[in-house]
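Student: Next comes protein21.txt, compact mmCIF, C-alpha atoms:
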# COMPACT_ATOMS: atom_id res chain seq x y z
CA MET A 1152 55.05 -166.88 82.73
CA LEU A 1153 53.08 -163.68 82.19
CA THR A 1154 49.68 -163.33 83.80
CA PHE A 1155 46.56 -163.10 81.64
CA THR A 1156 46.37 -159.43 82.58
CA GLU A 1157 49.91 -158.74 81.35
CA GLU A 1158 49.33 -160.64 78.11
CA ILE A 1159 46.18 -158.65 77.41
CA MET A 1160 47.91 -155.36 78.19
CA LEU A 1161 50.53 -156.26 75.57
CA LEU A 1162 47.82 -156.90 73.00
CA MET A 1163 46.11 -153.59 73.79
CA LEU A 1164 49.15 -151.63 72.53
CA ASP A 1165 49.79 -150.79 68.90
CA ASP A 1166 53.21 -150.84 67.22
CA ASP A 1167 53.95 -147.33 68.47
CA GLY A 1168 53.26 -148.20 72.08
CA LEU A 1169 49.91 -146.40 72.21
CA PHE A 1170 46.71 -147.97 73.48
CA LEU A 1171 44.33 -149.17 70.80
CA PRO A 1172 40.89 -147.50 70.69
CA ILE A 1173 38.80 -149.97 72.67
CA ARG A 1174 35.08 -149.77 73.36
CA GLY A 1175 34.13 -147.73 76.42
CA GLY A 1176 34.08 -149.76 79.62
CA ALA A 1177 35.59 -152.80 77.94
CA VAL A 1178 39.16 -152.33 79.18
CA GLU A 1179 38.27 -152.26 82.87
CA HIS A 1180 36.02 -155.31 82.68
CA VAL A 1181 38.41 -157.34 80.55
CA LEU A 1182 41.31 -156.64 82.92
CA VAL A 1183 39.22 -157.77 85.91
CA GLY A 1184 38.17 -160.84 83.97
CA ALA A 1185 41.84 -161.57 83.32
CA VAL A 1186 42.62 -161.38 87.04
CA LEU A 1187 39.76 -163.77 87.79
CA MET A 1188 41.12 -166.12 85.12
CA ASP A 1189 44.52 -166.06 86.79
CA LEU A 1190 42.96 -166.76 90.20
CA ALA A 1191 40.95 -169.64 88.76
CA PHE A 1192 44.03 -171.21 87.16
CA ALA A 1193 45.88 -170.73 90.46
CA ASN A 1194 43.11 -172.75 92.15
CA ARG A 1195 42.08 -169.81 94.34
CA ILE A 1196 38.53 -169.41 93.03
CA ASP A 1197 35.90 -171.55 91.37
CA THR A 1198 32.93 -170.41 89.34
CA ASP A 1199 29.60 -171.69 88.14
CA PRO A 1200 26.60 -169.88 86.60
CA GLU A 1201 25.23 -169.07 90.07
CA LYS A 1202 28.22 -167.93 92.10
CA LEU A 1203 31.93 -167.29 92.37
CA LEU A 1204 33.60 -168.96 95.34
CA VAL A 1205 37.00 -168.52 96.99
CA ILE A 1206 38.30 -172.04 97.56
CA ASP A 1207 41.76 -171.04 98.81
CA SER A 1208 42.53 -167.57 100.19
CA THR A 1209 46.27 -168.21 100.45
CA PRO A 1210 48.12 -165.31 98.75
CA THR A 1211 49.75 -166.13 95.42
CA GLY A 1212 52.69 -163.81 96.09
CA ASP A 1213 51.65 -161.53 93.22
CA SER A 1214 49.92 -158.37 94.46
CA LEU A 1215 48.22 -158.01 91.09
CA LEU A 1216 46.19 -161.06 92.07
CA ASP A 1217 46.33 -160.94 95.86
CA VAL A 1218 44.54 -157.61 96.33
CA PRO A 1219 41.45 -158.77 94.38
CA LEU A 1220 41.69 -162.18 96.07
CA GLU A 1221 41.59 -160.55 99.50
CA ARG A 1222 38.57 -158.50 98.45
CA LEU A 1223 36.75 -161.63 97.35
CA ALA A 1224 37.73 -163.66 100.41
CA ASN A 1225 36.72 -160.99 102.94
CA SER A 1226 33.55 -159.75 101.30
CA GLY A 1227 31.02 -162.05 102.94
CA GLU A 1228 28.91 -161.52 99.81
CA THR A 1229 27.58 -164.15 97.44
CA MET A 1230 27.58 -163.05 93.82
CA ASN A 1231 28.00 -164.66 90.46
CA THR A 1232 30.97 -163.97 88.20
CA LYS A 1233 29.21 -161.19 86.33
CA GLY A 1234 28.45 -159.38 89.57
CA TRP A 1235 32.04 -159.56 90.76
CA VAL A 1236 33.38 -158.39 87.40
CA GLU A 1237 31.24 -155.27 87.73
CA VAL A 1238 32.25 -154.62 91.36
CA LEU A 1239 35.98 -155.13 90.86
CA ALA A 1240 35.95 -153.06 87.67
CA ARG A 1241 34.64 -150.11 89.67
CA GLU A 1242 36.95 -150.62 92.64
CA GLN A 1243 40.25 -151.96 91.34
CA ALA A 1244 40.56 -151.76 87.55
CA ALA A 1245 42.84 -148.71 87.56
CA GLU A 1246 45.22 -150.33 90.05
CA ILE A 1247 45.19 -153.61 88.13
CA ARG A 1248 46.04 -151.80 84.91
CA GLN A 1249 48.95 -149.90 86.47
CA GLN A 1250 50.37 -152.97 88.19
CA ALA A 1251 50.24 -154.94 84.94
CA MET A 1252 52.11 -152.18 83.11
CA ASN A 1253 54.66 -151.94 85.90
CA GLY A 1254 55.19 -155.70 85.67
CA LEU A 1255 55.83 -155.55 81.93
CA ILE A 1256 58.22 -152.63 82.35
CA GLY A 1257 60.02 -154.35 85.22
CA ALA A 1258 60.42 -157.49 83.10
CA GLY A 1259 62.14 -155.48 80.36
CA ILE A 1260 59.33 -156.11 77.85
CA LEU A 1261 58.11 -152.50 77.63
CA GLU A 1262 59.44 -149.08 78.50
CA ALA A 1263 57.52 -145.93 79.41
CA LYS A 1264 58.23 -142.81 77.36
CA ASP A 1265 56.74 -139.42 78.16
CA GLU A 1266 56.45 -137.04 75.23
CA LYS A 1267 55.25 -133.47 74.89
CA PHE A 1268 52.68 -132.41 72.33
CA LEU A 1269 52.75 -128.73 71.31
CA TRP A 1270 55.27 -128.24 74.15
CA VAL A 1271 52.46 -128.43 76.71
CA PHE A 1272 50.39 -131.58 76.57
CA ARG A 1273 52.04 -134.75 77.74
CA SER A 1274 51.43 -138.20 76.34
CA ARG A 1275 52.86 -141.52 77.38
CA ARG A 1276 53.81 -144.36 75.10
CA TYR A 1277 54.88 -147.88 76.00
CA PRO A 1278 57.14 -149.02 73.15
CA THR A 1279 58.30 -152.61 73.10
CA ILE A 1280 61.86 -153.42 74.12
CA ASP A 1281 61.57 -157.20 73.80
CA GLY A 1282 58.87 -158.30 71.38
CA ARG A 1283 59.20 -162.03 72.00
CA ALA A 1284 56.43 -162.16 74.62
CA GLU A 1285 53.89 -160.42 72.37
CA ARG A 1286 54.81 -162.59 69.38
CA GLU A 1287 54.45 -165.73 71.49
CA VAL A 1288 50.97 -164.69 72.65
CA LYS A 1289 49.81 -163.95 69.10
CA LEU A 1290 51.25 -167.22 67.77
CA ARG A 1291 49.41 -169.18 70.46
CA MET A 1292 46.13 -167.56 69.47
CA GLU A 1293 46.76 -168.20 65.79
CA ASP A 1294 47.54 -171.86 66.47
CA VAL A 1295 44.24 -172.28 68.31
CA LEU A 1296 42.04 -170.30 65.95
CA LEU A 1297 43.44 -171.69 62.70
CA SER A 1298 43.25 -175.36 63.69
CA ASP A 1299 40.68 -177.83 64.94
CA ASP A 1300 42.96 -179.31 67.59
CA MET A 1301 41.88 -179.45 71.23
CA PRO A 1302 43.04 -176.10 72.65
CA ASP A 1303 44.87 -175.47 75.90
CA PRO A 1304 42.41 -174.07 78.51
CA ARG A 1305 44.63 -171.03 79.09
CA ASP A 1306 44.54 -170.15 75.41
CA VAL A 1307 40.75 -170.55 75.33
CA ALA A 1308 40.45 -168.16 78.27
CA LEU A 1309 42.78 -165.62 76.69
CA ILE A 1310 40.98 -165.65 73.33
CA CYS A 1311 37.59 -165.18 74.97
CA LEU A 1312 38.80 -162.13 76.89
CA VAL A 1313 40.57 -160.63 73.87
CA ASP A 1314 37.45 -161.13 71.78
CA ALA A 1315 35.33 -159.37 74.42
CA CYS A 1316 37.10 -156.07 73.72
CA ASP A 1317 37.52 -156.56 69.94
CA ILE A 1318 41.32 -156.72 69.96
CA LEU A 1319 41.22 -159.67 67.58
CA ASN A 1320 40.19 -157.29 64.81
CA ASP A 1321 43.57 -155.57 65.22
CA ILE A 1322 45.46 -158.86 65.07
CA PHE A 1323 43.72 -160.62 62.20
CA SER A 1324 42.64 -159.31 58.82
CA GLU A 1325 38.97 -159.01 57.92
CA ARG A 1326 39.19 -162.15 55.79
CA GLU A 1327 40.90 -164.08 58.59
CA MET A 1328 38.25 -162.94 61.05
CA GLU A 1329 35.52 -164.30 58.79
CA ARG A 1330 37.33 -167.60 58.75
CA VAL A 1331 37.95 -167.88 62.51
CA ARG A 1332 34.63 -166.46 63.80
CA PRO A 1333 32.94 -169.91 64.02
CA ARG A 1334 35.97 -171.18 65.96
CA ILE A 1335 35.74 -168.22 68.36
CA GLU A 1336 32.07 -168.91 69.00
CA GLN A 1337 32.94 -172.53 69.71
CA LEU A 1338 35.62 -171.51 72.20
CA ARG A 1339 33.33 -169.05 73.97
CA MET A 1340 31.08 -171.94 74.97
CA MET A 1341 34.02 -173.47 76.85
CA ASP A 1342 34.76 -170.54 79.14
CA LEU A 1343 32.37 -169.12 81.74
CA ILE A 1344 34.43 -166.11 82.87
CA GLY A 1345 35.03 -164.93 79.31
CA ARG A 1346 31.31 -165.21 78.51
CA GLU A 1347 30.38 -163.24 81.63
CA VAL A 1348 32.87 -160.48 80.81
CA GLY A 1349 31.44 -160.27 77.30
CA SER A 1350 27.94 -160.10 78.73
CA VAL A 1351 28.84 -157.20 81.03
CA ILE A 1352 30.37 -155.26 78.13
CA ALA A 1353 27.35 -155.97 75.93
CA ASP A 1354 25.03 -154.67 78.67
CA ILE A 1355 27.08 -151.47 78.98
CA GLU A 1356 26.99 -150.89 75.23
CA GLU A 1357 23.24 -151.47 75.14
CA SER A 1358 22.73 -148.96 77.94
CA ILE A 1359 24.87 -146.38 76.12
CA THR A 1360 22.97 -146.94 72.88
CA MET A 1361 19.61 -146.54 74.63
CA ALA A 1362 20.76 -143.37 76.40
CA MET A 1363 21.99 -141.84 73.14
CA ALA A 1364 18.71 -142.72 71.45
CA GLN A 1365 16.76 -140.97 74.21
CA VAL A 1366 18.94 -137.87 73.93
CA ALA A 1367 18.43 -137.82 70.15
CA HIS A 1368 14.69 -137.68 70.67
Show the structure stored in the file as structure tokens.
Tutor:
Amino acid sequence: MLTFTEEIMLLMLDDDGLFLPIRGGAVEHVLVGAVLMDLAFANRIDTDPEKLLVIDSTPTGDSLLDVPLERLANSGETMNTKGWVEVLAREQAAEIRQQAMNGLIGAGILEAKDEKFLWVFRSRRYPTIDGRAEREVKLRMEDVLLSDDMPDPRDVALICLVDACDILNDIFSEREMERVRPRIEQLRMMDLIGREVGSVIADIEESITMAMAQVAH
């Protein structure tokens, strides 16, 4: 089974293997939120509106999760989920992103291709080798969003994170998004970590908007 982080990385790529244009700061915070989701489903952490707690510091065997878990377990700090999302995004987001990509490449789902632009500038694409994993993720989201059935908690968590960085707009048409928006809002009420990630991203965007407004004046 892919981790939340790996599933989200798949959804962040377009058909050519290039990263979709995602709002500034959103990628780092969503990836950290995905790691926290994985740790919660692995019964390593628990969360409530006031704090995030490590309930079992035993390594999972996946370094993508175990490095952040060790940071949480050894911190001696008490913070809520939003606080930890901000801290880990600053400290570990780049490593999390690279490990997730390495995992997808190692699993034979993606490949890395370096290309030259104007014979000088290099770009890297991650075209899909095996598209079954991405299709399965998208089908799960469609099943949840286009029905009124009780959703699986993992799918709720995934949809909330994907919505936080606007990837859903690249998966569904504008008309479909109008239809599923009430369902998304319903699901967001079920998931604390996804809400906190969305809140962090909203705060960043508000700060950027205010800064630009000040510069304009």
Student: Counting all atoms listed in the file, what is within 8 Å of range 1152-1169 of chain A, bar same-chain residues fewer than 5 positions away, as a list of chain:residue names?
Tutor: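 Answer for this query is A:Leu1182, A:Ala1185, A:Val1186, A:Met1188, A:Asp1189, A:Arg1248, A:Ala1251, A:Met1252, A:Gly1254, A:Leu1255, A:Arg1275, A:Arg1276, A:Tyr1277, A:Pro1278, A:Thr1279, A:Glu1285, A:Val1288, A:Leu1309, A:Val1313, A:Ile1318.
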Student: So, counting all atoms listed in the file, which residue among A:Leu1223, A:Ile1310, A:Val1178, A:Met1301 is closest to Arg1195 in chain A?
Tutor: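 Comparing A:Leu1223, A:Ile1310, A:Val1178, A:Met1301 against Arg1195 in chain A, the winner is A:Leu1223.
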Student: Report, in Å to a single decimal, how far apart CA of Arg1241 in chain A and CA of Leu1261 in chain A are.
Tutor: 26.5 Å
Student: Determine the nearest neighbour of Gly1184 in chain A from the options A:Thr1209, A:Gln1243, A:Gln1250, A:Gln1337, counting only C-alpha atoms.
Tutor: A:Gln1243
Student: Out of A:Ala1244, A:Asn1194, A:Phe1323, A:Arg1286, which residue has the shortest atom-to-atom distance to Gly1176 in chain A when counting all atoms listed in the file?
Tutor: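 The answer is A:Ala1244, which sits nearest to Gly1176 in chain A.
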Student: Calculated over only C-alpha atoms, which of the candidates A:Asp1207, A:Ser1298, A:Arg1326, A:Glu1262 has the smallest distance to Gly1282 in chain A?
Tutor: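 Of all the options, A:Glu1262 lies closest to Gly1282 in chain A.
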Student: Record the distance separating CA of Met1328 in chain A and CA of Gly1349 in chain A, expressed in Å with one decimal.
Tutor: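 Value for the CA of Met1328 in chain A-CA of Gly1349 in chain A distance: 17.8 Å.
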Student: Once you count all atoms listed in the file, what closest atom pair and distance in Å to one decimal does each residue of range 1176-1198 of chain A within 7 Å of range 1232-1240 of chain A have, with rows by chain and rising residue number, as a tab-separated table?
Tutor:
residue	atom	partner	partner_atom	distance
A:Glu1179	CA	A:Ala1240	CA	5.4
A:His1180	CA	A:Ala1240	CA	5.5
A:Val1183	CA	A:Ala1240	CA	6.0
A:Gly1184	CA	A:Val1236	CA	6.4
A:Thr1198	CA	A:Thr1232	CA	6.8
Student: Using C-alpha atoms, can you write the selected residues to a file as a short mmCIF file (atom, residue, chain, number, x, y, z; two decimals), in the coordinates of the input?
Tutor:
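The resulting file, part28.cif, is reproduced below:
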data_model
loop_
_atom_site.label_atom_id
_atom_site.label_comp_id
_atom_site.auth_asym_id
_atom_site.auth_seq_id
_atom_site.Cartn_x
_atom_site.Cartn_y
_atom_site.Cartn_z
CA GLU A 1179 38.27 -152.26 82.87
CA HIS A 1180 36.02 -155.31 82.68
CA VAL A 1183 39.22 -157.77 85.91
CA GLY A 1184 38.17 -160.84 83.97
CA THR A 1198 32.93 -170.41 89.34
#
Student: Identify which of the residues A:Asn1231, A:Gly1257, A:Val1307, A:Ala1224 lies closest to Arg1339 in chain A, counting only C-alpha atoms when measuring atom-to-atom distances.
Tutor: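 So, comparing all the options, the nearest one is A:Val1307.
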